[in-house]
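Undergrad: Sharing a structure here in structure tokens format.
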Amino acid sequence: MTAVAVYTDVDGTLRRGSTIFDLLRYDADRSGRVAEGERFLRSLREAAAAGTPREVTNRRYFAWWRGRAVDDVVRVARDWAAAGGPWAEQPVPPVLAAVERYRRAGARVVAVSAAFEPALVGVRERWVEADVLATRAVVRDGRYTGDVVEPLVGEAKARAVRAHAATHGIPLERCAGFGDHASDLPFLRAVGTGTRVGPGDRLVPVTRAVTRTL
């Protein structure tokens with residue numbers, strides 16, 4: 001299929017690791033708050049391990065940036081990118097190769113991520129023309145409040161993909177999608193050709209309009 005657009009998750013799909021965790025670690029290191037940052041991230045990991053939904057842990061993450069000027073965080077992200085941070089975690093070669101094939105064939109690249117815009121600087125640099133659908137952090141008077149409009153997780157990702165396609169006149173049945181987590185299945189089932197990253201980077205086709213998980 002010649003895809004009109006390719007919608008792709010980022011963490012665990014294009015790259016290993018977590019962009020928002022890695023950016024926080026970089027910020028904590030440069031501000032002398034390494035121990036505090038690791039405690040904060042550990043609390044999120046422990047909550048996730050205890051069964052706290054991703055939507056909840058995603059919201060909690062943004063407390064780290066409460067009161068920070070947006071321009072300052074953008075500068076931190078750019079410095080992190082200059083140091084190689086966004087791709088320091090090993091890329092997932094088969095997904096990157098597939099997205100590149102679609103892009104070279106004329107498909108629009110759209111990153112769909114629960115991260116916020118600054119943490120996705122690596123995607124912006126790799127594909128300058130890409131669209132980015134991300135969790136929107138709430139800003140007041142040029143500073144992050146620590147809240148988000150809605151975590152871009154699960155059904156929210158699917159709604160964002162559908163809205164993007166409708167805005168740009170993109171027929172979703174002619175699109176491809178890549179993700180790695182069960183929470184990516186709603187948006188992967190919304191596109192014509194959905195693919196999930198399985199163990200050993202195996203690419204597993206996702207059947208549209210089915211309810212079972214892989």
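The way I read the labels, and the way they are meant: chains A, B, ... in the order of the structure tokens, residue 1 as the first residue of every chain, and ligand 1 as the first ligand shown, with later ones counted on from there.
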Could you pull out the residues in stretch 1-77 of chain A that DSSP calls strand (DSSP E) from the backbone, as a list in words?
TA: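 Matching residues for strand (DSSP E) in stretch 1-77 of chain A are Ala5, Val6, Tyr7 and Thr8 of chain A.
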Undergrad: Output as JSON lines one row per residue of stretch 102-144 of chain A within 8 Å of stretch 78-98 of chain A: the closest atom pair and its distance in Å to one decimal place, counting only C-alpha atoms, sorted by chain and residue number ascending.
TA:
{"residue": "A:Tyr102", "atom": "CA", "partner": "A:Ala98", "partner_atom": "CA", "distance": 6.4}
{"residue": "A:Ala119", "atom": "CA", "partner": "A:Pro86", "partner_atom": "CA", "distance": 7.8}
{"residue": "A:Leu120", "atom": "CA", "partner": "A:Pro86", "partner_atom": "CA", "distance": 7.7}
{"residue": "A:Val121", "atom": "CA", "partner": "A:Ala81", "partner_atom": "CA", "distance": 6.8}
{"residue": "A:Gly122", "atom": "CA", "partner": "A:Pro86", "partner_atom": "CA", "distance": 5.0}
Undergrad: Measure the distance from atom CA of A:Arg162 to atom CA of A:Asp184 in Å and round it to one decimal.
TA: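 Distance reported for this atom pair: 13.7 Å.
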Undergrad: Please build the interface table for stretch 112-132 of chain A against stretch 54-69 of chain A with a cut-off of 12 Å, listing for each qualifying residue the nearest atom pair and the distance in Å to one decimal; count only C-alpha atoms, order rows by chain and increasing number, and write it as a Markdown table.
TA:
| residue | atom | partner | partner_atom | distance |
| --- | --- | --- | --- | --- |
| A:Ser113 | CA | A:Asn58 | CA | 11.1 |
| A:Ala114 | CA | A:Asn58 | CA | 7.4 |
| A:Ala115 | CA | A:Asn58 | CA | 8.3 |
| A:Phe116 | CA | A:Phe62 | CA | 9.2 |
| A:Pro118 | CA | A:Trp65 | CA | 11.5 |
| A:Ala119 | CA | A:Phe62 | CA | 11.9 |
Undergrad: Next, the residues of the selection above should be written as an mmCIF file, in the first residue's frame with N, CA, C and O atoms.
TA:
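Printed below is out-v4.cif as written:
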data_model
loop_
_atom_site.group_PDB
_atom_site.id
_atom_site.type_symbol
_atom_site.label_atom_id
_atom_site.label_comp_id
_atom_site.auth_asym_id
_atom_site.auth_seq_id
_atom_site.Cartn_x
_atom_site.Cartn_y
_atom_site.Cartn_z
ATOM 1 N N SER A 113 2.454 10.966 20.390
ATOM 2 C CA SER A 113 3.166 10.625 21.615
ATOM 3 C C SER A 113 2.514 11.211 22.870
ATOM 4 O O SER A 113 1.943 12.306 22.837
ATOM 5 N N ALA A 114 2.630 10.476 23.971
ATOM 6 C CA ALA A 114 2.165 10.970 25.269
ATOM 7 C C ALA A 114 3.148 11.972 25.859
ATOM 8 O O ALA A 114 2.854 12.605 26.879
ATOM 9 N N ALA A 115 4.321 12.122 25.232
ATOM 10 C CA ALA A 115 5.294 13.123 25.683
ATOM 11 C C ALA A 115 4.793 14.516 25.311
ATOM 12 O O ALA A 115 3.816 14.666 24.573
ATOM 13 N N PHE A 116 5.455 15.558 25.850
ATOM 14 C CA PHE A 116 5.092 16.908 25.435
ATOM 15 C C PHE A 116 6.100 17.398 24.411
ATOM 16 O O PHE A 116 7.155 16.797 24.197
ATOM 17 N N PRO A 118 8.514 19.694 23.897
ATOM 18 C CA PRO A 118 9.978 19.822 24.030
ATOM 19 C C PRO A 118 10.713 18.487 23.998
ATOM 20 O O PRO A 118 11.806 18.393 23.432
ATOM 21 N N ALA A 119 10.118 17.448 24.593
ATOM 22 C CA ALA A 119 10.788 16.152 24.649
ATOM 23 C C ALA A 119 10.872 15.478 23.287
ATOM 24 O O ALA A 119 11.634 14.524 23.114
#
Undergrad: Find the residues around A:His181 up to 9 Å (only C-alpha atoms counted), leave out those fewer than 2 positions away in its own chain, and share them as a ChimeraX atom specification.
TA: /A:12-13,179,183-185,196-197
Undergrad: Using only C-alpha atoms, which protein or nucleic acid residues come within 12 Å of A:Lys157? Drop anything in the same chain fewer than 3 positions from it, and give the result as a VMD selection string.
TA: chain A and resid 7 to 9 55 110 to 115 132 to 135 150 to 154 160 to 164 177 179 183 to 190
Undergrad: Generate a file of the selected residues that holds N, CA, C and O atoms, formatted as a compact mmCIF listing (two decimals), in the first residue's frame.
TA:
# COMPACT_ATOMS: atom_id res chain seq x y z
N TYR A 7 1.37 7.31 10.86
CA TYR A 7 1.22 7.77 12.24
C TYR A 7 2.03 6.84 13.13
O TYR A 7 1.79 5.62 13.16
N THR A 8 2.99 7.39 13.86
CA THR A 8 3.86 6.53 14.64
C THR A 8 4.05 7.02 16.07
O THR A 8 4.28 8.21 16.32
N ASP A 9 3.92 6.09 17.00
CA ASP A 9 4.31 6.33 18.38
C ASP A 9 5.83 6.54 18.40
O ASP A 9 6.53 6.24 17.42
N GLU A 55 -2.59 7.08 31.98
CA GLU A 55 -3.12 8.43 31.94
C GLU A 55 -2.80 9.19 33.22
O GLU A 55 -2.52 10.39 33.22
N VAL A 110 3.71 11.55 10.89
CA VAL A 110 3.03 12.17 12.02
C VAL A 110 3.40 11.40 13.28
O VAL A 110 3.08 10.22 13.43
N ALA A 111 4.12 12.06 14.19
CA ALA A 111 4.48 11.44 15.47
C ALA A 111 3.30 11.61 16.43
O ALA A 111 2.73 12.69 16.53
N VAL A 112 2.97 10.53 17.13
CA VAL A 112 1.83 10.54 18.06
C VAL A 112 2.37 10.07 19.41
O VAL A 112 2.73 8.90 19.57
N SER A 113 2.45 10.97 20.39
CA SER A 113 3.17 10.63 21.62
C SER A 113 2.51 11.21 22.87
O SER A 113 1.94 12.31 22.84
N ALA A 114 2.63 10.48 23.97
CA ALA A 114 2.17 10.97 25.27
C ALA A 114 3.15 11.97 25.86
O ALA A 114 2.85 12.61 26.88
N ALA A 115 4.32 12.12 25.23
CA ALA A 115 5.29 13.12 25.68
C ALA A 115 4.79 14.52 25.31
O ALA A 115 3.82 14.67 24.57
N VAL A 132 3.50 16.74 14.68
CA VAL A 132 3.65 16.14 16.00
C VAL A 132 2.34 16.29 16.77
O VAL A 132 1.86 17.41 16.98
N LEU A 133 1.79 15.16 17.19
CA LEU A 133 0.62 15.14 18.07
C LEU A 133 1.12 14.71 19.44
O LEU A 133 1.62 13.59 19.59
N ALA A 134 1.02 15.59 20.43
CA ALA A 134 1.62 15.32 21.73
C ALA A 134 0.68 15.75 22.85
O ALA A 134 -0.29 16.48 22.63
N THR A 135 1.00 15.31 24.06
CA THR A 135 0.25 15.77 25.23
C THR A 135 0.47 17.27 25.38
O THR A 135 1.61 17.74 25.32
N GLU A 150 -4.98 16.94 28.33
CA GLU A 150 -5.37 15.53 28.33
C GLU A 150 -4.16 14.70 27.97
O GLU A 150 -3.49 14.98 26.98
N PRO A 151 -3.84 13.68 28.76
CA PRO A 151 -2.73 12.81 28.38
C PRO A 151 -3.05 12.12 27.05
O PRO A 151 -4.15 11.59 26.87
N LEU A 152 -2.10 12.14 26.14
CA LEU A 152 -2.33 11.51 24.84
C LEU A 152 -2.01 10.01 24.96
O LEU A 152 -0.95 9.54 24.53
N VAL A 153 -2.93 9.30 25.56
CA VAL A 153 -2.77 7.87 25.84
C VAL A 153 -4.06 7.15 25.44
O VAL A 153 -5.16 7.68 25.64
N GLY A 154 -3.93 5.96 24.89
CA GLY A 154 -5.10 5.14 24.60
C GLY A 154 -6.05 5.77 23.60
O GLY A 154 -5.67 6.16 22.50
N ALA A 160 -6.96 11.92 18.54
CA ALA A 160 -6.03 12.89 17.95
C ALA A 160 -5.70 12.53 16.51
O ALA A 160 -5.63 13.41 15.64
N VAL A 161 -5.51 11.25 16.25
CA VAL A 161 -5.20 10.79 14.89
C VAL A 161 -6.40 11.06 13.97
O VAL A 161 -6.24 11.58 12.85
N ARG A 162 -7.60 10.73 14.44
CA ARG A 162 -8.80 10.97 13.61
C ARG A 162 -8.99 12.46 13.34
O ARG A 162 -9.34 12.85 12.21
N ALA A 163 -8.76 13.28 14.36
CA ALA A 163 -8.93 14.73 14.19
C ALA A 163 -7.90 15.28 13.20
O ALA A 163 -8.22 16.12 12.35
N HIS A 164 -6.66 14.80 13.31
CA HIS A 164 -5.61 15.25 12.39
C HIS A 164 -5.96 14.86 10.96
O HIS A 164 -5.85 15.67 10.03
N GLY A 177 0.37 2.82 10.52
CA GLY A 177 0.60 3.22 11.90
C GLY A 177 1.53 2.26 12.61
O GLY A 177 1.53 1.05 12.30
N GLY A 179 3.13 1.27 16.65
CA GLY A 179 3.11 1.47 18.10
C GLY A 179 3.69 0.25 18.77
O GLY A 179 4.01 -0.74 18.10
N SER A 183 -1.84 0.21 24.81
CA SER A 183 -2.58 1.47 24.76
C SER A 183 -2.50 2.14 23.39
O SER A 183 -3.24 3.10 23.12
N ASP A 184 -1.62 1.64 22.51
CA ASP A 184 -1.53 2.17 21.14
C ASP A 184 -2.54 1.51 20.19
O ASP A 184 -2.77 2.00 19.09
N LEU A 185 -3.15 0.43 20.63
CA LEU A 185 -4.03 -0.32 19.74
C LEU A 185 -5.20 0.49 19.19
O LEU A 185 -5.55 0.34 18.01
N PRO A 186 -5.83 1.37 19.98
CA PRO A 186 -6.94 2.14 19.40
C PRO A 186 -6.55 2.94 18.16
O PRO A 186 -7.30 2.96 17.17
N PHE A 187 -5.40 3.60 18.18
CA PHE A 187 -5.04 4.37 16.99
C PHE A 187 -4.50 3.47 15.88
O PHE A 187 -4.68 3.75 14.69
N LEU A 188 -3.87 2.35 16.24
CA LEU A 188 -3.38 1.43 15.22
C LEU A 188 -4.54 0.77 14.47
O LEU A 188 -4.43 0.46 13.28
N ARG A 189 -5.66 0.59 15.16
CA ARG A 189 -6.83 0.00 14.52
C ARG A 189 -7.63 1.03 13.71
O ARG A 189 -8.53 0.67 12.98
N ALA A 190 -7.27 2.30 13.89
CA ALA A 190 -7.97 3.36 13.15
C ALA A 190 -7.41 3.55 11.75
O ALA A 190 -8.05 4.15 10.90
Undergrad: Please determine, counting only C-alpha atoms, which residue among A:Trp127, A:Phe178, A:Phe21, A:Tyr144 has the shortest atom-to-atom distance to A:Pro205.
TA: A:Phe178
Undergrad: Rounded to one decimal place, report the atom CA of A:Thr145-atom CA of A:Ala48 distance in Å.
TA: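 It comes out at 22.9 Å.
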Undergrad: Would you return as number ranges by chain the members of chain A that DSSP assigns to helix (DSSP H, G or I) on this structure's backbone?
TA: A: 19-30, 34-49, 54-65, 70-82, 85-87, 93-104, 117-126, 155-168, 172-174, 182-188, 199-201
Undergrad: Suppose you want the space between atom CA of A:Gly17 and atom CA of A:Arg174; what is it in Å?
TA: 29.7 Å
